[in-house]
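One file, run-v7.txt, is given below (compact mmCIF, C-alpha atoms).
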# COMPACT_ATOMS: atom_id res chain seq x y z
CA MET A 1 0.00 0.00 0.00
CA SER A 2 1.41 3.39 -0.92
CA ASP A 3 1.98 6.15 1.64
CA SER A 4 -0.91 8.20 0.22
CA ASN A 5 -3.30 5.25 0.57
CA ARG A 6 -2.08 4.62 4.11
CA SER A 7 -2.69 8.24 5.06
CA ASP A 8 -6.14 8.10 3.41
CA SER A 9 -7.09 5.02 5.46
CA ASN A 10 -5.76 6.62 8.64
CA ARG A 11 -7.71 9.79 7.83
CA MET A 12 -10.89 7.79 7.38
CA LEU A 13 -10.35 5.87 10.64
CA LYS A 14 -10.42 9.25 12.36
CA TRP A 15 -14.19 9.06 11.87
CA LEU A 16 -14.18 6.55 14.72
CA TRP A 17 -14.45 9.56 17.08
CA LEU A 18 -18.05 9.86 15.88
CA SER A 19 -18.68 6.19 16.65
CA ALA A 20 -17.16 6.65 20.12
CA LEU A 21 -19.35 9.71 20.72
CA VAL A 22 -22.48 7.76 19.73
CA VAL A 23 -21.52 4.90 22.07
CA ALA A 24 -20.80 7.29 24.97
CA LEU A 25 -24.05 9.25 24.55
CA ASP A 26 -26.05 6.06 24.06
CA LEU A 27 -24.68 4.31 27.16
CA ALA A 28 -24.99 7.46 29.28
CA SER A 29 -28.61 8.02 28.22
CA LYS A 30 -29.46 4.38 28.90
CA ALA A 31 -27.89 4.62 32.37
CA VAL A 32 -29.95 7.73 33.14
CA ALA A 33 -33.12 6.10 31.82
CA THR A 34 -32.48 2.94 33.83
CA HIS A 35 -31.83 4.95 37.00
CA TYR A 36 -34.79 7.33 36.80
CA LEU A 37 -37.50 5.40 34.95
CA THR A 38 -39.60 2.46 36.05
CA LEU A 39 -39.82 -0.45 33.64
CA TYR A 40 -42.80 -0.06 31.25
CA GLN A 41 -44.20 3.00 33.09
CA PRO A 42 -44.53 5.91 30.61
CA VAL A 43 -43.51 9.40 31.63
CA PRO A 44 -45.33 11.82 29.30
CA LEU A 45 -43.24 14.72 28.03
CA PHE A 46 -45.63 16.14 25.46
CA PRO A 47 -48.33 14.72 23.17
CA GLY A 48 -46.82 12.01 21.02
CA PHE A 49 -43.67 11.55 23.11
CA ASN A 50 -42.96 9.62 26.33
CA TRP A 51 -39.96 8.33 28.16
CA THR A 52 -40.71 4.63 28.71
CA LEU A 53 -38.06 2.21 29.94
CA ALA A 54 -38.21 -1.09 28.06
CA HIS A 55 -35.94 -4.11 27.77
CA ASN A 56 -35.72 -5.52 24.25
CA LEU A 57 -34.59 -9.15 24.15
CA GLY A 58 -34.85 -9.28 20.36
CA ALA A 59 -33.76 -7.14 17.45
CA ALA A 60 -35.52 -4.22 15.77
CA PHE A 61 -39.23 -4.07 16.60
CA SER A 62 -38.61 -6.82 19.22
CA PHE A 63 -38.04 -9.37 16.44
CA LEU A 64 -37.44 -12.80 18.04
CA SER A 65 -37.83 -11.41 21.57
CA ASP A 66 -40.03 -14.37 22.57
CA GLU A 67 -37.27 -16.91 21.89
CA PRO A 68 -35.61 -18.70 24.82
CA GLY A 69 -32.28 -16.79 24.75
CA TRP A 70 -30.24 -17.96 21.79
CA GLN A 71 -31.07 -14.68 20.00
CA ARG A 72 -28.89 -12.74 22.45
CA TRP A 73 -25.73 -14.38 21.13
CA PHE A 74 -26.97 -14.55 17.56
CA PHE A 75 -27.60 -10.80 17.42
CA SER A 76 -24.36 -10.15 19.32
CA PHE A 77 -22.42 -12.10 16.71
CA ILE A 78 -24.14 -10.25 13.87
CA SER A 79 -23.42 -6.87 15.51
CA LEU A 80 -19.79 -7.80 16.00
CA ALA A 81 -19.38 -9.05 12.43
CA VAL A 82 -21.06 -5.94 11.00
CA SER A 83 -18.87 -3.72 13.19
CA VAL A 84 -15.67 -5.39 11.96
CA GLY A 85 -16.91 -5.09 8.37
CA ILE A 86 -17.65 -1.39 8.84
CA ILE A 87 -14.19 -0.72 10.28
CA ILE A 88 -12.58 -2.46 7.30
CA TRP A 89 -14.85 -0.49 4.94
CA LEU A 90 -13.93 2.78 6.67
CA LYS A 91 -10.24 1.95 6.39
CA ARG A 92 -10.57 1.42 2.64
CA LEU A 93 -12.48 4.62 1.87
CA ALA A 94 -10.91 7.41 -0.11
CA SER A 95 -10.47 10.67 1.78
CA THR A 96 -13.09 12.29 -0.48
CA GLN A 97 -15.83 9.96 0.81
CA GLN A 98 -16.74 12.03 3.86
CA TRP A 99 -20.51 11.45 3.78
CA LEU A 100 -20.04 7.71 3.48
CA ALA A 101 -17.52 7.76 6.35
CA ALA A 102 -19.93 9.71 8.58
CA ALA A 103 -22.77 7.32 7.73
CA LEU A 104 -20.67 4.25 8.51
CA ALA A 105 -19.39 5.79 11.74
CA LEU A 106 -22.96 6.44 12.93
CA VAL A 107 -24.06 2.89 12.12
CA LEU A 108 -20.94 1.52 13.84
CA GLY A 109 -21.54 3.57 16.99
CA GLY A 110 -25.15 2.45 17.17
CA ALA A 111 -24.26 -1.19 16.60
CA LEU A 112 -21.60 -1.08 19.33
CA GLY A 113 -23.91 0.68 21.80
CA ASN A 114 -26.57 -1.99 21.43
CA LEU A 115 -23.95 -4.76 21.37
CA TRP A 116 -22.67 -3.59 24.76
CA ASP A 117 -26.18 -3.88 26.22
CA ARG A 118 -26.79 -7.27 24.67
CA VAL A 119 -23.52 -8.76 25.97
CA THR A 120 -23.54 -7.18 29.45
CA LEU A 121 -27.27 -7.16 30.22
CA GLY A 122 -28.80 -9.76 27.91
CA TYR A 123 -31.19 -7.19 26.43
CA VAL A 124 -31.10 -3.74 24.86
CA VAL A 125 -32.32 -0.79 26.93
CA ASP A 126 -34.90 1.29 25.07
CA PHE A 127 -36.61 4.38 26.45
CA ILE A 128 -37.86 6.68 23.67
CA ASP A 129 -41.58 6.19 23.04
CA VAL A 130 -43.13 8.00 20.08
CA TYR A 131 -46.83 7.59 19.41
CA TYR A 132 -49.91 8.94 17.69
CA GLN A 133 -53.19 8.46 19.54
CA GLN A 134 -53.09 4.79 20.61
CA TYR A 135 -50.51 3.74 17.98
CA HIS A 136 -47.02 3.47 19.45
CA TRP A 137 -43.80 3.10 17.48
CA PRO A 138 -41.65 0.45 19.18
CA ALA A 139 -39.52 2.01 21.92
CA PHE A 140 -35.96 2.81 20.82
CA ASN A 141 -32.74 4.45 22.01
CA LEU A 142 -29.96 6.76 20.79
CA ALA A 143 -28.04 3.85 19.24
CA ASP A 144 -31.08 2.97 17.14
CA SER A 145 -31.41 6.61 16.12
CA ALA A 146 -27.74 6.76 15.05
CA ILE A 147 -28.19 3.59 13.00
CA CYS A 148 -31.26 5.06 11.26
CA VAL A 149 -29.55 8.39 10.52
CA GLY A 150 -26.47 6.53 9.28
CA ALA A 151 -28.60 4.29 7.06
CA ALA A 152 -30.38 7.35 5.63
CA LEU A 153 -27.00 8.97 4.90
CA LEU A 154 -25.89 5.74 3.19
CA VAL A 155 -28.94 5.88 0.93
CA ILE A 156 -28.41 9.57 0.17
CA ASP A 157 -24.73 8.95 -0.55
CA SER A 158 -25.52 6.05 -2.86
CA LEU A 159 -28.08 8.16 -4.75
CA LYS A 160 -25.49 10.91 -5.22
CA GLY A 161 -23.20 8.36 -6.86
CA THR A 162 -20.12 10.56 -6.45
CA HIS A 163 -18.00 8.10 -4.51
CA SER A 164 -17.74 5.53 -7.30
CA GLU A 165 -15.14 7.63 -9.13
CA SER A 166 -13.06 7.99 -5.95
CA ALA A 167 -13.33 4.26 -5.30
CA GLU A 168 -12.15 3.48 -8.83
CA LYS A 169 -9.12 5.74 -8.34
CA THR A 170 -8.34 4.03 -5.02
CA ASP A 171 -8.68 0.60 -6.67
CA LYS A 172 -6.29 1.59 -9.46
CA VAL A 173 -3.70 2.82 -6.96
CA ASN A 174 -4.07 -0.36 -4.89
CA GLU A 175 -3.43 -2.51 -7.98
CA THR A 176 0.00 -0.95 -8.50
Once more with this new file: its structure as structure tokens, please.
Amino acid sequence: MSDSNRSDSNRMLKWLWLSALVVALDLASKAVATHYLTLYQPVPLFPGFNWTLAHNLGAAFSFLSDEPGWQRWFFSFISLAVSVGIIIWLKRLASTQQWLAAALALVLGGALGNLWDRVTLGYVVDFIDVYYQQYHWPAFNLADSAICVGAALLVIDSLKGTHSESAEKTDKVNET
């Protein structure tokens, strides 16, 4: 790998500060929610928004939460594998791919925040409850929010299509 590629990959790994910030804010907010809220007892803030402590044994939307416990390690393994993949992807990005790097860093931070809960607690702490009349969105947390924002940025970045030229240049340099 040439020195310019090495400095590009190091520059892109600097986005890990954003992942670390997401993890720190996520874990701190979950600790506050766990300390001050009572499990499944909503605290209304304003119409359409409650704080409600919930423990999610499954994945998004409580998928597989009724299973006997194997899902904890299954989802932990998936989170870990995705996190390693994202770090490798970040390392290989060209320095011009800032939006993609930010998106990946947000997804990584969210995945690691929820992974920490899953491994240490056996469930993910959720506490944000958004609703309309009697229809409630499944409770979520800051990690989930970071993953959603990161995923939206990934879609926007892919629609822009500007990073393909940078990736081709990086590939050509890597071949030499």
(request) Choose the residue, out of A:Leu57, A:Ala103, A:Val124, A:Leu21, that has the smallest atom-to-atom separation from Thr34 (chain A); count all atoms listed in the file. (result) A:Val124
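Counting all atoms listed in the file and comparing A:Leu45, A:Ala139, A:Leu154, A:Ile78, the residue that lies closest to Leu115 (chain A) is A:Ile78.
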(message) Please list, as a list of chain:residue names, the residues that have an atom at most 10 Å away from (-14.4, 2.1, 3.7) in the coordinates of this file, counting all atoms listed in the file.
(response) A:Ser9, A:Met12, A:Leu13, A:Gly85, A:Ile86, A:Ile87, A:Ile88, A:Trp89, A:Leu90, A:Lys91, A:Arg92, A:Leu93, A:Ala94, A:Ser95, A:Gln97, A:Leu100, A:Ala101, A:Leu104, A:Ala167
(request) Return the single residue from A:Gln71, A:Lys14, A:Val125, A:Leu108 that is closest to His35 (chain A), with distances computed using all atoms listed in the file. (result)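 Ranked by minimum distance to His35 (chain A), first place goes to A:Val125.
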(request) Take CA of Val32 (chain A) and CA of Ala81 (chain A) and report the distance between them in Å, one decimal. (result)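 Computing it gives 28.7 Å between the two atoms.
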(request) Kindly indicate which residue among A:Thr38, A:Tyr131, A:Trp116, A:Ala31 lies nearest to Ala54 (chain A), using all atoms listed in the file for the distances. (result)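 Under the stated criterion, the closest residue is A:Thr38.
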(request) Take CA of Gly109 (chain A) and CA of Val43 (chain A) and report the distance between them in Å, one decimal. (result)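 Answer for the CA of Gly109 (chain A) to CA of Val43 (chain A) separation: 27.0 Å.
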(message) Using all atoms listed in the file for the distances, tell me which of A:Leu159, A:Val119, A:Val22, A:Leu27 is nearest to Phe77 (chain A).
(response)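 Closest to Phe77 (chain A) of all the choices is A:Val119.
Here CA of Val107 (chain A) is placed at a distance of 10.5 Å from CA of Val23 (chain A).
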(message) Restricting the calculation to only C-alpha atoms: of A:Ala146, A:Ala111, A:Ala151, A:Ile128, which residue gets closest to Gln41 (chain A)?
(response)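 Of all the options, A:Ile128 lies closest to Gln41 (chain A).
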(message) Can you pull out the residues contacting His136 (chain A)? Cut-off 12 Å, using only C-alpha atoms, and skip same-chain residues under 3 positions away; I want them as a VMD selection string.
(response) chain A and resid 42 47 to 50 52 61 128 to 133 139 to 140
